[in-house]
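Okay, input_35.pdb now, which holds PDB, C-alpha atoms:
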```pdb
ATOM      1  CA  MET D  23       0.000   0.000   0.000
ATOM      2  CA  ASN D  24       1.248   3.432  -0.840
ATOM      3  CA  ASP D  25       1.231   5.834   2.036
ATOM      4  CA  ARG D  26       0.051   8.540  -0.291
ATOM      5  CA  VAL D  27      -1.542   8.853  -3.666
ATOM      6  CA  GLU D  28       0.797  10.182  -6.332
ATOM      7  CA  PRO D  29      -1.157  12.853  -8.151
ATOM      8  CA  ASP D  30      -0.023  11.647 -11.539
ATOM      9  CA  SER D  31      -0.647   7.959 -11.099
ATOM     10  CA  SER D  32      -4.027   6.988 -12.370
ATOM     11  CA  ASN D  33      -5.408   3.825 -10.955
ATOM     12  CA  LYS D  34      -8.887   2.796 -10.075
ATOM     13  CA  LEU D  35      -8.397   3.181  -6.370
ATOM     14  CA  MET D  36      -7.439   6.753  -6.885
ATOM     15  CA  SER D  37     -10.338   7.763  -9.048
ATOM     16  CA  MET D  38     -12.554   6.238  -6.400
ATOM     17  CA  MET D  39     -10.758   8.171  -3.694
ATOM     18  CA  ASN D  40     -11.129  11.353  -5.636
ATOM     19  CA  LYS D  41     -14.859  10.981  -5.508
ATOM     20  CA  ILE D  42     -14.953  11.022  -1.725
ATOM     21  CA  MET D  43     -11.961  13.219  -1.112
ATOM     22  CA  PRO D  44     -11.925  16.952  -1.590
ATOM     23  CA  THR D  45      -9.394  18.091  -4.212
ATOM     24  CA  CYS D  46      -6.059  19.756  -3.436
ATOM     25  CA  LYS D  47      -7.567  23.046  -4.525
ATOM     26  CA  GLU D  48     -10.416  22.661  -2.055
ATOM     27  CA  VAL D  49      -8.169  21.407   0.712
ATOM     28  CA  SER D  50      -5.655  24.217   0.331
ATOM     29  CA  HIS D  51      -8.511  26.730   0.441
ATOM     30  CA  LEU D  52      -9.902  25.106   3.583
ATOM     31  CA  THR D  53      -6.428  24.969   5.098
ATOM     32  CA  SER D  54      -6.101  28.695   4.544
ATOM     33  CA  SER D  55      -9.558  29.318   6.031
ATOM     34  CA  SER D  56      -8.676  27.241   9.068
ATOM     35  CA  MET D  57      -5.978  29.802   9.888
ATOM     36  CA  ASP D  58      -8.699  32.409  10.310
ATOM     37  CA  GLU D  59     -11.789  30.583  11.509
ATOM     38  CA  LYS D  60     -13.098  27.268  12.728
ATOM     39  CA  LEU D  61     -13.976  24.728  10.086
ATOM     40  CA  THR D  62     -17.125  22.655  10.295
ATOM     41  CA  PHE D  63     -16.805  19.057  11.408
ATOM     42  CA  ARG D  64     -17.381  17.841   7.873
ATOM     43  CA  GLN D  65     -14.759  20.187   6.451
ATOM     44  CA  LYS D  66     -12.232  19.115   9.063
ATOM     45  CA  LEU D  67     -12.861  15.487   8.298
ATOM     46  CA  GLY D  68     -12.392  15.998   4.565
ATOM     47  CA  VAL D  69      -9.139  17.897   5.137
ATOM     48  CA  ARG D  70      -7.737  15.341   7.587
ATOM     49  CA  PHE D  71      -8.540  12.504   5.253
ATOM     50  CA  HIS D  72      -6.987  14.229   2.271
ATOM     51  CA  LEU D  73      -3.853  15.160   4.218
ATOM     52  CA  MET D  74      -3.250  11.534   5.129
ATOM     53  CA  PHE D  75      -2.718  10.771   1.473
ATOM     54  CA  CYS D  76      -1.432  13.991  -0.008
ATOM     55  CA  LYS D  77       2.121  15.084   0.638
ATOM     56  CA  TRP D  78       1.730  18.331  -1.325
ATOM     57  CA  CYS D  79      -1.168  19.544   0.765
ATOM     58  CA  ARG D  80       0.678  18.598   3.943
ATOM     59  CA  LEU D  81       3.575  20.720   2.704
ATOM     60  CA  PHE D  82       1.233  23.572   1.801
ATOM     61  CA  ARG D  83      -0.160  23.460   5.288
ATOM     62  CA  SER D  84       3.276  23.478   6.833
ATOM     63  CA  GLN D  85       4.285  26.411   4.622
ATOM     64  CA  VAL D  86       1.412  28.673   5.645
ATOM     65  CA  ILE D  87       2.050  27.778   9.270
ATOM     66  CA  GLN D  88       5.756  28.585   8.898
ATOM     67  CA  MET D  89       4.946  31.865   7.209
ATOM     68  CA  ARG D  90       2.749  32.874  10.110
ATOM     69  CA  ALA D  91       5.312  31.765  12.681
ATOM     70  CA  VAL D  92       8.156  33.733  11.124
ATOM     71  CA  ILE D  93       5.996  36.840  10.776
ATOM     72  CA  LYS D  94       4.993  36.534  14.391
ATOM     73  CA  SER D  95       8.440  35.967  15.848
ATOM     74  CA  GLN D  96      10.038  38.605  13.673
ATOM     75  CA  SER D  97       7.354  41.164  14.569
ATOM     76  CA  LEU D  98       8.005  40.369  18.186
ATOM     77  CA  ALA D  99      11.760  40.751  17.739
ATOM     78  CA  ILE D 100      11.227  44.156  16.171
ATOM     79  CA  GLN D 101       8.820  45.203  18.903
ATOM     80  CA  THR D 102      11.007  44.171  21.770
ATOM     81  CA  GLY D 103      14.033  45.801  20.196
ATOM     82  CA  LEU D 104      15.942  42.554  19.694
ATOM     83  CA  GLU D 105      16.428  43.711  16.163
ATOM     84  CA  GLU D 106      18.241  46.890  15.292
ATOM     85  CA  PRO D 107      16.004  49.276  13.367
ATOM     86  CA  ASP D 108      16.318  48.511   9.644
ATOM     87  CA  PHE D 109      15.463  52.036   8.599
ATOM     88  CA  LYS D 110      16.490  55.404   9.859
ATOM     89  CA  LEU D 111      14.655  58.683   9.618
ATOM     90  CA  SER D 112      16.661  61.401   7.926
ATOM     91  CA  ALA D 113      18.157  64.089  10.165
ATOM     92  CA  GLU D 114      16.184  66.648   8.228
ATOM     93  CA  PHE D 115      12.896  64.908   8.919
ATOM     94  CA  LYS D 116      13.780  64.481  12.575
ATOM     95  CA  ASN D 117      14.477  68.188  12.922
ATOM     96  CA  ARG D 118      11.214  69.113  11.275
ATOM     97  CA  LEU D 119       9.414  66.666  13.522
ATOM     98  CA  LYS D 120      11.075  68.081  16.633
ATOM     99  CA  LYS D 121       9.969  71.557  15.671
ATOM    100  CA  SER D 122       6.396  70.488  15.121
ATOM    101  CA  LEU D 123       6.404  68.750  18.507
ATOM    102  CA  GLU D 124       7.673  71.901  20.190
ATOM    103  CA  ASN D 125       5.063  74.026  18.503
ATOM    104  CA  ASN D 126       2.287  71.694  19.517
ATOM    105  CA  ASP D 127       3.379  71.161  23.087
TER     106      ASP D 127
ATOM    107  CA  MET I   1      22.961  60.759  29.689
ATOM    108  CA  THR I   2      22.787  57.572  31.695
ATOM    109  CA  GLY I   3      20.265  59.260  33.964
ATOM    110  CA  ASP I   4      17.631  58.585  31.336
ATOM    111  CA  ILE I   5      17.683  54.899  32.098
ATOM    112  CA  LEU I   6      17.004  55.494  35.749
ATOM    113  CA  LYS I   7      14.073  57.738  35.023
ATOM    114  CA  SER I   8      10.875  56.880  36.817
ATOM    115  CA  GLN I   9       8.725  54.364  34.987
ATOM    116  CA  ASN I  10       5.530  56.113  35.873
ATOM    117  CA  SER I  11       5.938  59.436  34.213
ATOM    118  CA  ILE I  12       6.534  60.004  30.564
ATOM    119  CA  SER I  13       9.829  61.387  29.384
ATOM    120  CA  GLU I  14      10.301  64.824  27.851
ATOM    121  CA  PRO I  15       8.707  65.054  24.399
ATOM    122  CA  SER I  16      11.882  66.658  23.103
ATOM    123  CA  THR I  17      13.715  63.351  23.684
ATOM    124  CA  TRP I  18      11.132  61.117  21.993
ATOM    125  CA  ILE I  19      12.318  61.444  18.443
ATOM    126  CA  ASP I  20      15.902  60.467  19.160
ATOM    127  CA  LYS I  21      14.804  57.626  21.394
ATOM    128  CA  TYR I  22      11.995  56.099  19.341
ATOM    129  CA  GLY I  23      12.044  57.736  15.908
ATOM    130  CA  ASP I  24      14.042  55.135  13.997
ATOM    131  CA  PHE I  25      12.411  52.293  15.814
ATOM    132  CA  LEU I  26       8.866  53.440  15.040
ATOM    133  CA  TYR I  27       9.858  54.270  11.492
ATOM    134  CA  SER I  28      11.267  50.769  10.964
ATOM    135  CA  TYR I  29       8.153  49.270  12.449
ATOM    136  CA  ALA I  30       5.998  51.336  10.104
ATOM    137  CA  MET I  31       8.202  50.435   7.119
ATOM    138  CA  SER I  32       7.812  46.761   7.891
ATOM    139  CA  ARG I  33       4.066  47.198   7.539
ATOM    140  CA  LEU I  34       3.674  49.859   4.925
ATOM    141  CA  ASN I  35       6.776  49.503   2.808
ATOM    142  CA  ASP I  36       6.625  53.134   1.751
ATOM    143  CA  ARG I  37       8.948  55.806   3.065
ATOM    144  CA  SER I  38       6.746  58.846   2.853
ATOM    145  CA  VAL I  39       3.682  57.060   4.195
ATOM    146  CA  SER I  40       5.784  55.676   7.060
ATOM    147  CA  GLU I  41       7.122  59.132   7.857
ATOM    148  CA  ASP I  42       3.560  60.404   7.945
ATOM    149  CA  VAL I  43       2.324  57.780  10.378
ATOM    150  CA  VAL I  44       5.367  58.294  12.615
ATOM    151  CA  GLN I  45       4.666  62.006  12.684
ATOM    152  CA  GLU I  46       0.990  61.371  13.455
ATOM    153  CA  THR I  47       2.061  59.010  16.216
ATOM    154  CA  PHE I  48       4.260  61.582  17.938
ATOM    155  CA  LEU I  49       1.610  64.270  17.655
ATOM    156  CA  ALA I  50      -1.053  61.945  19.038
ATOM    157  CA  ALA I  51       1.316  60.942  21.854
ATOM    158  CA  LEU I  52       1.840  64.582  22.686
ATOM    159  CA  LYS I  53      -1.875  65.117  23.013
ATOM    160  CA  ALA I  54      -2.346  61.992  25.070
ATOM    161  CA  LYS I  55       0.771  62.183  27.220
ATOM    162  CA  ASP I  56      -1.189  62.987  30.376
ATOM    163  CA  ASN I  57      -3.027  59.708  29.956
ATOM    164  CA  PHE I  58       0.167  57.683  29.988
ATOM    165  CA  ALA I  59      -0.356  55.545  33.049
ATOM    166  CA  GLY I  60       3.021  53.905  33.169
ATOM    167  CA  ALA I  61       1.379  50.500  33.173
ATOM    168  CA  SER I  62       3.316  49.617  30.049
ATOM    169  CA  SER I  63       6.734  50.778  29.026
ATOM    170  CA  GLU I  64       6.944  53.983  27.093
ATOM    171  CA  LYS I  65       8.018  52.095  23.999
ATOM    172  CA  THR I  66       5.035  49.762  24.154
ATOM    173  CA  TRP I  67       2.829  52.785  24.561
ATOM    174  CA  PHE I  68       4.241  54.320  21.387
ATOM    175  CA  ILE I  69       3.822  51.063  19.479
ATOM    176  CA  GLY I  70       0.177  50.976  20.536
ATOM    177  CA  ILE I  71      -0.419  54.415  19.097
ATOM    178  CA  LEU I  72       1.546  53.630  15.944
ATOM    179  CA  LYS I  73      -0.415  50.431  15.366
ATOM    180  CA  ASN I  74      -3.670  52.354  15.406
ATOM    181  CA  LYS I  75      -2.267  54.886  12.957
ATOM    182  CA  ILE I  76      -1.141  52.091  10.644
ATOM    183  CA  ILE I  77      -4.541  50.417  10.769
ATOM    184  CA  ASP I  78      -6.223  53.765  10.102
ATOM    185  CA  TYR I  79      -3.996  54.295   7.121
ATOM    186  CA  ILE I  80      -4.661  50.841   5.676
ATOM    187  CA  ARG I  81      -8.368  51.372   6.174
ATOM    188  CA  ARG I  82      -8.321  54.709   4.380
ATOM    189  CA  ALA I  83      -6.098  53.465   1.571
ATOM    190  CA  SER I  84      -8.116  50.335   1.019
ATOM    191  CA  LYS I  85     -11.256  52.380   0.520
ATOM    192  CA  GLU I  86      -9.593  54.112  -2.366
ATOM    193  CA  THR I  87      -8.513  50.982  -4.165
ATOM    194  CA  ASP I  88     -11.028  48.993  -6.062
ATOM    195  CA  LEU I  89     -12.016  45.725  -4.478
ATOM    196  CA  GLU I  90     -13.376  44.446  -7.764
ATOM    197  CA  ASN I  91      -9.860  44.369  -9.160
ATOM    198  CA  LEU I  92      -9.088  41.457  -6.945
ATOM    199  CA  ASP I  93     -11.496  39.215  -8.763
ATOM    200  CA  SER I  94      -9.557  39.540 -11.953
ATOM    201  CA  VAL I  95      -6.374  38.381 -10.239
ATOM    202  CA  SER I  96      -6.212  34.732 -11.096
ATOM    203  CA  GLY I  97      -4.104  33.685  -8.165
ATOM    204  CA  GLU I  98      -4.872  30.046  -7.847
ATOM    205  CA  GLU I  99      -5.803  29.273 -11.433
ATOM    206  CA  SER I 100      -2.426  28.077 -12.554
ATOM    207  CA  ASP I 101      -1.599  26.469  -9.240
ATOM    208  CA  PHE I 102      -3.904  23.560  -9.952
ATOM    209  CA  ILE I 103      -4.635  21.294 -12.862
ATOM    210  CA  ARG I 104      -7.712  22.652 -14.557
ATOM    211  CA  SER I 105      -9.338  19.714 -16.261
ATOM    212  CA  GLY I 106      -9.206  15.993 -16.761
ATOM    213  CA  PRO I 107      -9.207  13.278 -14.127
ATOM    214  CA  MET I 108      -6.603  15.162 -12.082
ATOM    215  CA  ALA I 109      -8.506  18.440 -12.034
ATOM    216  CA  GLY I 110      -8.009  20.260  -8.764
ATOM    217  CA  SER I 111      -4.660  18.630  -7.973
ATOM    218  CA  TRP I 112      -1.503  20.684  -7.671
ATOM    219  CA  ALA I 113      -0.015  21.511 -11.047
ATOM    220  CA  PRO I 114       3.345  19.678 -11.203
ATOM    221  CA  GLN I 115       5.417  22.882 -11.355
ATOM    222  CA  ARG I 116       3.539  24.341  -8.394
ATOM    223  CA  ARG I 117       3.727  21.477  -5.949
ATOM    224  CA  PRO I 118       4.818  22.806  -2.562
ATOM    225  CA  ALA I 119       8.360  21.988  -1.491
ATOM    226  CA  ASP I 120       9.634  21.213   1.955
ATOM    227  CA  TRP I 121      10.902  24.526   3.307
ATOM    228  CA  LYS I 122      12.534  23.304   6.503
ATOM    229  CA  ILE I 123      13.054  26.665   8.125
ATOM    230  CA  ASP I 124      15.131  26.164  11.223
ATOM    231  CA  SER I 125      13.193  28.134  13.805
ATOM    232  CA  ASP I 126      16.263  28.456  16.016
ATOM    233  CA  ASP I 127      18.398  29.855  13.260
ATOM    234  CA  LEU I 128      17.920  33.598  13.625
ATOM    235  CA  VAL I 129      19.966  34.470  10.578
ATOM    236  CA  GLU I 130      17.915  32.161   8.434
ATOM    237  CA  LYS I 131      14.711  33.576   9.861
ATOM    238  CA  LYS I 132      15.898  37.067   9.116
ATOM    239  CA  GLU I 133      16.733  36.108   5.546
ATOM    240  CA  PHE I 134      13.325  34.551   5.135
ATOM    241  CA  TRP I 135      11.759  37.713   6.515
ATOM    242  CA  LYS I 136      13.533  39.782   3.860
ATOM    243  CA  PHE I 137      12.108  37.658   1.088
ATOM    244  CA  LEU I 138       8.743  37.756   2.738
ATOM    245  CA  HIS I 139       8.869  41.523   2.469
ATOM    246  CA  TYR I 140       9.827  41.373  -1.124
ATOM    247  CA  CYS I 141       6.933  39.004  -1.830
ATOM    248  CA  LEU I 142       4.498  41.243   0.029
ATOM    249  CA  SER I 143       5.621  44.147  -2.111
ATOM    250  CA  VAL I 144       4.676  42.327  -5.314
ATOM    251  CA  LEU I 145       1.218  41.266  -4.109
ATOM    252  CA  PRO I 146      -1.680  43.386  -5.380
ATOM    253  CA  GLU I 147      -1.772  46.332  -3.004
ATOM    254  CA  LYS I 148      -5.124  45.730  -1.393
ATOM    255  CA  MET I 149      -4.439  42.050  -0.990
ATOM    256  CA  ALA I 150      -1.138  42.865   0.714
ATOM    257  CA  MET I 151      -2.839  45.283   3.083
ATOM    258  CA  ILE I 152      -5.435  42.772   4.141
ATOM    259  CA  PHE I 153      -2.817  40.068   4.530
ATOM    260  CA  LYS I 154      -0.762  42.381   6.761
ATOM    261  CA  LEU I 155      -3.754  43.358   8.867
ATOM    262  CA  ARG I 156      -4.405  39.711   9.500
ATOM    263  CA  GLU I 157      -0.887  38.298   9.807
ATOM    264  CA  MET I 158       1.111  41.214  11.163
ATOM    265  CA  GLU I 159      -1.407  43.210  13.156
ATOM    266  CA  GLU I 160      -3.249  40.003  14.032
ATOM    267  CA  GLU I 161      -6.604  41.667  13.576
ATOM    268  CA  LYS I 162      -9.610  39.403  13.931
ATOM    269  CA  PRO I 163     -11.242  38.388  10.650
ATOM    270  CA  GLU I 164     -14.627  39.764  11.743
ATOM    271  CA  LYS I 165     -13.028  43.094  12.498
ATOM    272  CA  ILE I 166     -11.315  43.266   9.114
ATOM    273  CA  CYS I 167     -14.603  42.477   7.371
ATOM    274  CA  ASN I 168     -16.361  45.142   9.373
ATOM    275  CA  ASP I 169     -13.742  47.811   8.935
ATOM    276  CA  LEU I 170     -13.206  47.252   5.251
ATOM    277  CA  LYS I 171     -16.830  46.429   4.464
ATOM    278  CA  ILE I 172     -16.150  43.097   2.836
ATOM    279  CA  SER I 173     -18.001  39.825   3.282
ATOM    280  CA  SER I 174     -16.447  36.929   5.147
ATOM    281  CA  THR I 175     -16.492  34.905   1.921
ATOM    282  CA  ASN I 176     -14.593  37.654   0.193
ATOM    283  CA  LEU I 177     -12.033  37.782   2.989
ATOM    284  CA  ARG I 178     -11.575  34.021   2.819
ATOM    285  CA  VAL I 179     -10.845  34.216  -0.901
ATOM    286  CA  ILE I 180      -8.480  37.153  -0.484
ATOM    287  CA  MET I 181      -6.527  35.436   2.289
ATOM    288  CA  TYR I 182      -6.361  32.225   0.295
ATOM    289  CA  ARG I 183      -5.053  33.968  -2.799
ATOM    290  CA  ALA I 184      -2.608  35.986  -0.761
ATOM    291  CA  ARG I 185      -1.217  32.863   0.900
ATOM    292  CA  LEU I 186      -0.960  31.008  -2.396
ATOM    293  CA  GLN I 187       0.835  33.875  -4.053
ATOM    294  CA  MET I 188       3.110  34.401  -1.081
ATOM    295  CA  ARG I 189       4.152  30.780  -0.944
ATOM    296  CA  THR I 190       4.751  30.603  -4.679
ATOM    297  CA  CYS I 191       6.818  33.768  -4.572
ATOM    298  CA  LEU I 192       8.831  32.606  -1.554
ATOM    299  CA  GLU I 193       9.479  29.270  -3.124
ATOM    300  CA  LYS I 194      10.677  30.846  -6.353
ATOM    301  CA  ASN I 195      12.964  33.297  -4.613
ATOM    302  CA  TRP I 196      14.005  32.280  -1.154
ATOM    303  CA  ILE I 197      13.942  28.525  -1.490
ATOM    304  CA  GLY I 198      15.570  28.759  -4.879
ATOM    305  CA  ILE I 199      18.518  30.543  -3.343
ATOM    306  CA  THR I 200      19.042  28.473  -0.234
ATOM    307  CA  LYS I 201      18.893  25.161  -2.017
TER     308      LYS I 201
END
```

Let's see the structure in the file written out as structure tokens.
Amino acid sequence: MNDRVEPDSSNKLMSMMNKIMPTCKEVSHLTSSSMDEKLTFRQKLGVRFHLMFCKWCRLFRSQVIQMRAVIKSQSLAIQTGLEEPDFKLSAEFKNRLKKSLENND
Amino acid sequence: MTGDILKSQNSISEPSTWIDKYGDFLYSYAMSRLNDRSVSEDVVQETFLAALKAKDNFAGASSEKTWFIGILKNKIIDYIRRASKETDLENLDSVSGEESDFIRSGPMAGSWAPQRRPADWKIDSDDLVEKKEFWKFLHYCLSVLPEKMAMIFKLREMEEEKPEKICNDLKISSTNLRVIMYRARLQMRTCLEKNWIGITK
């Protein structure tokens, strides 16, 4: 038994599976949605089932999770000052800003 | 000079010192969200002016820096909200993000197109240099997303706004948001794989 269905193999088992299983397109869409909201029981079941057989969708899932994790940790690093500022305001802008703060104080 | 560090946590420092202390930091933060120098300068300026007005309300419960970030975040969200009203939502529908990602017809319809099958990224979450590199490419990829899509993606992923709130603020349906987020993620991953993964391999 294969542990996953190769998308380009075409046997009977697979065409049967495809009838019950959501497609990669559907599963990737649901995977994305699951990052923002709860899926229904039925949707979850379809996704889980598909993921058992489909390496590509498992990788897609891991990619969107990694994207979110890096964004989160990097945002945190910037916020807590672990990272040096990447950009600097020009001296000219700073001076203008200082003046406008003085005038408004 | 060193006296600044010992300053009482409960009262806010002199406004005249703010810009040197937090200017570059807030600007970098804004750039990471907005990716536009003049817009980032504007929101930083708005932040300092708003802080000036609100300085008596600073309770000292959070650090001064956190307080400034809070104000800046609101300014960034305001900006994205305003800007997204000016761009046409309908344009998004003509962006065929996922079309070429999947096989269109035949018995394999709906499966990943062979050239678009996701690869194993294996980002080492302990490797800070690698994470920083990845972050750079992420920024590049955000900059090539359609503008409105990028803004919504950032509201969700960077500002961690709740989906319901984004829908409400931007007057879009939850279905629409789902599609936008899906397309954004697909395009981001394709772009990252082409650029970042291509280089590290």

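Picture a line from CA of Cys141 in chain I to CA of Leu73 in chain D; it runs 26.9 Å.
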
#### Entry: Target residues per the ChimeraX specification (/D :<6) & /I, formatted as a PyMOL selection string
chain I and resi 24-25+28+110-111+117-118+182

#### Entry: Polymer residues at most 8 Å from Gly68 in chain D, all atoms listed in the file, same-chain spacing of 2 or more positions, as a ChimeraX atom specification
/D:43-44,49,64-66,70-72

### Message
Given the PyMOL selection byres ((chain I and resi 123) around 12) and the file above, list the residues it selects as a ChimeraX atom specification.
### Response
/D:84-85,87-89,91-92 /I:119-122,124-135,196-197,200-201

Output, as AutoDock Vina command-line options, the centre and edge lengths in Å (one decimal) of the axis-aligned box that contains all listed atoms of range 107-111 of chain D with 3 Å of margin on each side.
```
--center_x 15.6 --center_y 53.6 --center_z 11.0 --size_x 7.8 --size_y 16.2 --size_z 10.8
```

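Note that the spacing between CA of Ala51 in chain I and CA of Ile77 in chain I amounts to 16.4 Å.
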
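CA of Tyr140 in chain I is found 17.7 Å from CA of Met181 in chain I.
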
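Proximity ranking of I:Ser143, I:Ser63, I:Asn168, I:Ser84 relative to Ala184 in chain I places I:Ser143 first, based on all atoms listed in the file.
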
### Task
Determine the nearest neighbour of Arg116 in chain I from the options I:Glu164, I:Asp101, I:Asp78, I:Glu46, counting all atoms listed in the file.
I:Asp101

Any chance you could model N, CA and C atoms for range 112-126 of chain D and send them as a PDB file, in the frame of the given file?
```
ATOM      1  N   SER D 112      15.606  60.446   8.272  1.00  0.00           N
ATOM      2  CA  SER D 112      16.661  61.401   7.926  1.00  0.00           C
ATOM      3  C   SER D 112      16.748  62.473   9.004  1.00  0.00           C
ATOM      4  N   ALA D 113      17.945  63.044   9.157  1.00  0.00           N
ATOM      5  CA  ALA D 113      18.157  64.089  10.165  1.00  0.00           C
ATOM      6  C   ALA D 113      17.219  65.265   9.902  1.00  0.00           C
ATOM      7  N   GLU D 114      17.042  65.526   8.625  1.00  0.00           N
ATOM      8  CA  GLU D 114      16.184  66.648   8.228  1.00  0.00           C
ATOM      9  C   GLU D 114      14.749  66.426   8.708  1.00  0.00           C
ATOM     10  N   PHE D 115      14.259  65.209   8.486  1.00  0.00           N
ATOM     11  CA  PHE D 115      12.896  64.908   8.919  1.00  0.00           C
ATOM     12  C   PHE D 115      12.776  64.966  10.439  1.00  0.00           C
ATOM     13  N   LYS D 116      13.800  64.451  11.109  1.00  0.00           N
ATOM     14  CA  LYS D 116      13.780  64.481  12.575  1.00  0.00           C
ATOM     15  C   LYS D 116      13.705  65.915  13.094  1.00  0.00           C
ATOM     16  N   ASN D 117      14.493  66.796  12.483  1.00  0.00           N
ATOM     17  CA  ASN D 117      14.477  68.188  12.922  1.00  0.00           C
ATOM     18  C   ASN D 117      13.113  68.831  12.710  1.00  0.00           C
ATOM     19  N   ARG D 118      12.540  68.563  11.554  1.00  0.00           N
ATOM     20  CA  ARG D 118      11.214  69.113  11.275  1.00  0.00           C
ATOM     21  C   ARG D 118      10.212  68.598  12.307  1.00  0.00           C
ATOM     22  N   LEU D 119      10.339  67.297  12.582  1.00  0.00           N
ATOM     23  CA  LEU D 119       9.414  66.666  13.522  1.00  0.00           C
ATOM     24  C   LEU D 119       9.580  67.264  14.929  1.00  0.00           C
ATOM     25  N   LYS D 120      10.825  67.490  15.318  1.00  0.00           N
ATOM     26  CA  LYS D 120      11.075  68.081  16.633  1.00  0.00           C
ATOM     27  C   LYS D 120      10.430  69.457  16.735  1.00  0.00           C
ATOM     28  N   LYS D 121      10.575  70.223  15.668  1.00  0.00           N
ATOM     29  CA  LYS D 121       9.969  71.557  15.671  1.00  0.00           C
ATOM     30  C   LYS D 121       8.460  71.472  15.805  1.00  0.00           C
ATOM     31  N   SER D 122       7.861  70.537  15.055  1.00  0.00           N
ATOM     32  CA  SER D 122       6.396  70.488  15.121  1.00  0.00           C
ATOM     33  C   SER D 122       5.925  69.979  16.487  1.00  0.00           C
ATOM     34  N   LEU D 123       6.763  69.174  17.149  1.00  0.00           N
ATOM     35  CA  LEU D 123       6.404  68.750  18.507  1.00  0.00           C
ATOM     36  C   LEU D 123       6.479  69.928  19.477  1.00  0.00           C
ATOM     37  N   GLU D 124       7.529  70.730  19.310  1.00  0.00           N
ATOM     38  CA  GLU D 124       7.673  71.901  20.190  1.00  0.00           C
ATOM     39  C   GLU D 124       6.507  72.865  20.012  1.00  0.00           C
ATOM     40  N   ASN D 125       6.148  73.082  18.773  1.00  0.00           N
ATOM     41  CA  ASN D 125       5.063  74.026  18.503  1.00  0.00           C
ATOM     42  C   ASN D 125       3.726  73.542  19.025  1.00  0.00           C
ATOM     43  N   ASN D 126       3.580  72.236  19.086  1.00  0.00           N
ATOM     44  CA  ASN D 126       2.287  71.694  19.517  1.00  0.00           C
ATOM     45  C   ASN D 126       2.203  71.444  21.018  1.00  0.00           C
TER      46      ASN D 126
END
```
